[in-house]
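Quick look at upload-v3.txt (compact mmCIF, C-alpha atoms):
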# COMPACT_ATOMS: atom_id res chain seq x y z
CA MET K 257 -24.55 88.75 180.19
CA GLN K 258 -25.89 90.50 177.11
CA LYS K 259 -25.76 88.73 173.78
CA ASN K 260 -24.64 90.37 170.56
CA ILE K 261 -26.84 89.63 167.56
CA LEU K 262 -26.02 90.73 164.00
CA ILE K 263 -28.78 90.92 161.39
CA ILE K 264 -27.66 91.21 157.77
CA GLY K 265 -30.65 92.37 155.73
CA TYR K 266 -32.77 94.65 157.90
CA GLY K 267 -36.14 94.45 156.17
CA ASP K 268 -39.66 93.42 157.12
CA ILE K 269 -38.83 90.05 158.72
CA ALA K 270 -35.93 91.55 160.68
CA LYS K 271 -38.12 94.36 162.02
CA ARG K 272 -40.68 91.80 163.24
CA LEU K 273 -37.84 89.85 164.86
CA VAL K 274 -36.49 92.92 166.67
CA LYS K 275 -39.93 93.49 168.24
CA ARG K 276 -39.82 89.96 169.66
CA LEU K 277 -36.34 90.45 171.07
CA ALA K 278 -37.05 93.87 172.58
CA SER K 279 -37.50 92.63 176.15
CA GLN K 280 -34.36 90.47 176.16
CA PRO K 281 -30.83 91.54 177.18
CA ILE K 282 -29.53 91.62 173.61
CA ASN K 283 -27.44 94.11 171.68
CA ILE K 284 -28.80 94.10 168.13
CA TYR K 285 -26.59 95.22 165.27
CA ALA K 286 -28.27 95.51 161.88
CA ILE K 287 -26.92 95.97 158.37
CA SER K 288 -28.96 97.38 155.50
CA ARG K 289 -28.59 99.61 152.48
CA ASN K 290 -31.29 101.89 153.87
CA ASP K 291 -31.46 104.25 156.85
CA SER K 292 -33.43 103.45 159.99
CA ASP K 293 -34.47 105.46 163.04
CA ASP K 294 -35.18 102.37 165.17
CA LEU K 295 -33.51 103.08 168.53
CA ARG K 296 -33.54 99.38 169.46
CA ILE K 297 -30.77 98.58 167.02
CA LYS K 298 -27.25 99.73 166.21
CA LYS K 299 -27.63 100.39 162.49
CA PHE K 300 -24.94 100.21 159.79
CA ASN K 301 -25.46 101.17 156.18
CA TRP K 302 -23.68 98.82 153.81
CA ASP K 303 -24.28 97.83 150.22
CA TRP K 304 -23.06 94.25 150.11
CA LEU K 305 -22.69 94.43 146.33
CA SER K 306 -20.13 97.24 146.58
CA TYR K 307 -17.10 95.26 147.89
CA LYS K 308 -16.51 98.08 150.37
CA LYS K 309 -15.24 97.34 153.85
CA ILE K 310 -17.34 97.96 156.96
CA ASP K 311 -16.26 98.25 160.60
CA LEU K 312 -18.92 96.94 162.99
CA LYS K 313 -16.88 98.03 166.05
CA VAL K 314 -17.72 94.67 167.68
CA LYS K 315 -15.88 91.44 166.88
CA THR K 316 -17.86 88.78 168.78
CA PHE K 317 -21.45 87.75 168.01
CA ASP K 318 -23.58 85.02 169.55
CA SER K 319 -25.71 84.81 166.41
CA VAL K 320 -25.51 86.23 162.90
CA ILE K 321 -28.78 86.18 160.94
CA ILE K 322 -28.55 86.43 157.15
CA ILE K 323 -31.75 87.44 155.34
CA PRO K 324 -30.84 87.67 151.64
CA LYS K 325 -32.81 89.56 149.03
CA PRO K 326 -32.43 89.67 145.24
CA SER K 327 -31.74 93.09 143.77
CA ASN K 328 -34.63 92.36 141.39
CA LEU K 329 -36.58 89.29 140.29
CA ASP K 330 -34.62 88.35 137.16
CA GLU K 331 -31.62 86.00 137.06
CA GLN K 332 -29.05 88.75 137.54
CA GLY K 333 -31.02 90.04 140.52
CA TYR K 334 -30.81 86.61 142.16
CA LYS K 335 -27.09 86.36 141.36
CA ASP K 336 -26.62 89.73 143.06
CA GLY K 337 -28.60 88.77 146.16
CA PHE K 338 -27.48 85.17 146.63
CA ILE K 339 -24.03 84.84 145.02
CA ILE K 340 -22.18 88.15 144.93
CA ALA K 341 -23.65 89.41 148.20
CA THR K 342 -22.97 86.09 149.93
CA GLN K 343 -19.27 86.19 149.07
CA ASN K 344 -19.01 89.74 150.40
CA ILE K 345 -20.87 88.72 153.56
CA ILE K 346 -18.54 85.73 154.07
CA ASN K 347 -15.56 88.08 153.71
CA LEU K 348 -17.06 90.39 156.33
CA LEU K 349 -17.76 87.57 158.77
CA SER K 350 -14.32 85.99 158.35
CA ASN K 351 -12.90 88.67 160.65
CA LEU K 352 -15.43 88.05 163.42
CA ASN K 353 -15.80 85.57 166.26
CA ILE K 354 -19.20 83.94 165.65
CA LYS K 355 -20.94 81.19 167.60
CA LYS K 356 -23.88 80.61 165.26
CA VAL K 357 -25.05 81.62 161.77
CA ILE K 358 -28.76 81.48 160.92
CA ALA K 359 -29.30 81.72 157.16
CA ILE K 360 -32.73 82.23 155.63
CA SER K 361 -33.32 80.13 152.54
CA SER K 362 -36.31 78.83 150.59
CA THR K 363 -38.14 75.59 149.85
CA ARG K 364 -37.64 76.52 146.17
CA VAL K 365 -34.52 74.34 146.34
CA TYR K 366 -36.74 71.23 146.17
CA GLY K 367 -37.99 72.21 142.73
CA GLY K 368 -41.46 71.72 141.32
CA GLU K 369 -41.39 68.05 140.39
CA HIS K 370 -41.94 66.57 143.86
CA LYS K 371 -45.35 65.18 144.72
CA GLY K 372 -46.55 64.32 148.22
CA LEU K 373 -44.55 64.85 151.40
CA VAL K 374 -41.29 66.77 151.06
CA ASP K 375 -39.03 66.85 154.10
CA GLU K 376 -35.36 67.51 154.81
CA THR K 377 -34.37 64.08 153.48
CA SER K 378 -35.93 64.80 150.07
CA VAL K 379 -33.63 65.39 147.13
CA GLU K 380 -33.04 69.01 146.24
CA ALA K 381 -33.82 69.34 142.53
CA PRO K 382 -34.38 73.02 141.74
CA SER K 383 -36.17 73.38 138.42
CA GLU K 384 -35.44 77.05 137.68
CA PHE K 385 -32.69 79.62 138.18
CA ARG K 386 -34.01 80.93 141.51
CA GLY K 387 -33.82 77.58 143.25
CA LYS K 388 -30.45 76.77 141.66
CA LEU K 389 -28.89 80.04 142.82
CA ILE K 390 -30.35 79.64 146.32
CA MET K 391 -28.76 76.17 146.45
CA LYS K 392 -25.37 77.72 145.60
CA TYR K 393 -25.93 80.24 148.41
CA GLU K 394 -26.56 77.38 150.86
CA TYR K 395 -23.46 75.49 149.68
CA ALA K 396 -21.26 78.57 150.00
CA LEU K 397 -22.31 79.15 153.60
CA SER K 398 -22.10 75.45 154.51
CA SER K 399 -18.54 75.20 153.20
CA VAL K 400 -17.45 78.02 155.51
CA PHE K 401 -19.53 77.69 158.67
CA ASP K 402 -20.26 73.93 158.78
CA SER K 403 -21.72 72.96 162.17
CA LYS K 404 -22.18 76.62 163.19
CA LEU K 405 -24.77 77.01 160.42
CA ILE K 406 -28.54 76.69 160.65
CA ILE K 407 -30.42 76.95 157.35
CA LEU K 408 -34.11 77.86 157.58
CA ARG K 409 -35.96 77.09 154.36
CA PHE K 410 -39.07 79.25 154.35
CA SER K 411 -42.21 78.37 152.41
CA GLY K 412 -44.25 81.04 150.64
CA LEU K 413 -44.37 84.09 152.89
CA TYR K 414 -47.60 85.97 153.49
CA ASP K 415 -49.16 88.46 155.89
CA ASN K 416 -52.65 89.72 156.70
CA GLN K 417 -52.70 91.87 153.56
CA SER K 418 -51.64 89.14 151.14
CA LYS K 419 -54.02 88.47 148.26
CA LYS K 420 -52.46 85.12 147.40
CA ILE K 421 -51.63 82.43 149.95
CA PHE K 422 -49.77 79.30 148.88
CA HIS K 423 -50.44 75.67 149.87
CA ASN K 424 -46.99 75.65 151.50
CA LYS K 425 -47.09 78.89 153.46
CA LEU K 426 -45.53 80.76 156.36
CA HIS K 427 -46.86 83.93 157.97
CA ARG K 428 -44.22 86.64 158.29
CA ASP K 429 -44.85 86.85 162.05
CA GLN K 430 -44.18 83.12 162.34
CA ALA K 431 -41.02 83.54 160.28
CA ALA K 432 -39.77 86.02 162.88
CA ASN K 433 -40.82 83.67 165.69
CA ILE K 434 -38.85 80.81 164.12
CA ILE K 435 -35.69 82.90 163.86
CA SER K 436 -36.10 83.96 167.48
CA HIS K 437 -36.49 80.30 168.46
CA PHE K 438 -33.25 79.31 166.71
CA ILE K 439 -31.28 82.09 168.36
CA GLU K 440 -31.76 80.10 171.57
CA TYR K 441 -31.71 76.61 170.01
CA LYS K 442 -28.68 74.47 170.81
CA SER K 443 -27.79 71.81 168.28
CA GLU K 444 -25.71 68.75 169.05
CA THR K 445 -24.98 67.77 165.45
CA LYS K 446 -21.61 68.42 163.83
CA GLN K 447 -23.12 69.29 160.45
CA ALA K 448 -25.09 72.22 159.13
CA ASN K 449 -28.70 72.01 160.30
CA ILE K 450 -31.46 72.40 157.71
CA PHE K 451 -35.08 72.98 158.66
CA ASN K 452 -38.16 73.35 156.50
CA CYS K 453 -40.23 76.19 157.91
CA THR K 454 -43.86 75.92 156.92
CA GLU K 455 -47.23 75.94 158.65
CA ASP K 456 -49.34 72.83 159.02
CA SER K 457 -51.10 71.89 155.80
CA GLU K 458 -52.65 68.83 154.26
CA ILE K 459 -50.15 66.41 152.70
CA LEU K 460 -51.46 65.96 149.17
CA SER K 461 -50.29 63.21 146.85
CA SER K 462 -51.00 65.44 143.85
CA LYS K 463 -48.66 68.32 144.73
CA LYS K 464 -45.51 69.20 146.64
CA SER K 465 -46.40 69.31 150.33
CA ILE K 466 -43.68 70.59 152.65
CA GLY K 467 -43.53 68.88 156.04
CA ASN K 468 -42.51 70.58 159.29
CA THR K 469 -41.90 67.61 161.62
CA LYS K 470 -38.18 68.31 162.07
CA LEU K 471 -38.90 71.94 162.97
CA LYS K 472 -41.44 70.89 165.60
CA GLN K 473 -39.00 68.36 167.06
CA THR K 474 -36.80 71.29 168.13
CA GLY K 475 -39.63 72.48 170.38
CA PHE K 476 -41.06 75.16 168.13
CA LYS K 477 -44.83 75.55 168.32
CA PHE K 478 -47.03 77.43 165.86

Could you render the structure as structure tokens?
Amino acid sequence: MQKNILIIGYGDIAKRLVKRLASQPINIYAISRNDSDDLRIKKFNWDWLSYKKIDLKVKTFDSVIIIPKPSNLDEQGYKDGFIIATQNIINLLSNLNIKKVIAISSTRVYGGEHKGLVDETSVEAPSEFRGKLIMKYEYALSSVFDSKLIILRFSGLYDNQSKKIFHNKLHRDQAANIISHFIEYKSETKQANIFNCTEDSEILSSKKSIGNTKLKQTGFKF
């Protein structure tokens, strides 16, 4: 039986994900502000800052993947992308039958004061507006979707053309692989699942070092 997958935020990571899902019996619906000629997806144009309604034609989805993006890099841009857009997305999803929500987040929520190993038990202490607004985004989704929700906190994204690569890093191809993994992943917990998504790196006592043990325990391999 074919699965229905909805991607909200059809950008670079989503396009890499669709390539990985191409051989599977999946109907992929994608929402973006921009046009696309990708025949592998059923594309819907929607500006999630507009408060307009959208009819997806389908009411049941096995997984919904939310990939937020600020409208620009200042504080208002992050409010647009993580607060206003999230409320509109929640309103859209409230009319659907959904088994799982996979929300992309960021390790920014841990702030910059941590030193040494940072894992999912570490205290979230965002030190600037970006991390604080991303935390509100996580809370908003958790309050609605609870145990249906998987939050993937990505470290600094890079690709083969990146000039700067962070200590805590995640290749964009691996980001797509992780999302694909969690589409199939079955959780037994009754709470929202949070996973730090970062490649192996040295745990340094002098700087924040994101750990990935919990991610690997789900069976994901880099």

* Contacts of stretch 315-322 of chain K at 6 Å (all atoms listed in the file; same-chain gap of 4+ positions) as a ChimeraX atom specification -> /K:260-264,352-359

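Of the residues under consideration (K:Ser398, K:Lys404, K:Ser436, K:Phe410), K:Phe410 shows the shortest atom-to-atom contact distance to K:Arg364 when counting only C-alpha atoms.
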
* Selection near K:Ser361, 12 Å with only C-alpha atoms, sequence-local residues under 2 positions removed, as number ranges by chain -> K: 321-325, 337-338, 358-359, 363-366, 386-395, 397, 406-413, 431, 435, 450-453

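Minimum atom-to-atom distance to K:Ile421, evaluated using only C-alpha atoms, belongs to K:Glu455 out of K:Arg272, K:His437, K:Arg289, K:Glu455.
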
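Counting from atom CA of K:Asp303, the distance to atom CA of K:Ile287 is 8.8 Å.
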
* Neighbours of stretch 273-283 of chain K within 6 Å (all atoms listed in the file; same-chain residues fewer than 2 positions away dropped), as a ChimeraX atom specification? -> /K:258-260,270-271,432

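Relative to atom CA of K:Asn344, atom CA of K:Asp294 is found at 25.3 Å.
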
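Among the candidates K:Asp456, K:Leu349, K:Val374, K:Thr445, the one nearest to K:Asp402 when counting all atoms listed in the file is K:Thr445.
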
* To do: Using all atoms listed in the file, determine which residues lie at most 12 Å from K:His370, disregarding the query and same-chain residues fewer than 4 positions distant; provide the list as an MDAnalysis selection string.
  => chainID K and resid 363:366 374:375 378:383 460:466

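If all atoms listed in the file are the atoms counted, then among K:Ser327, K:Lys371, K:Trp304, K:Tyr334 the closest residue to K:Leu348 is K:Trp304.
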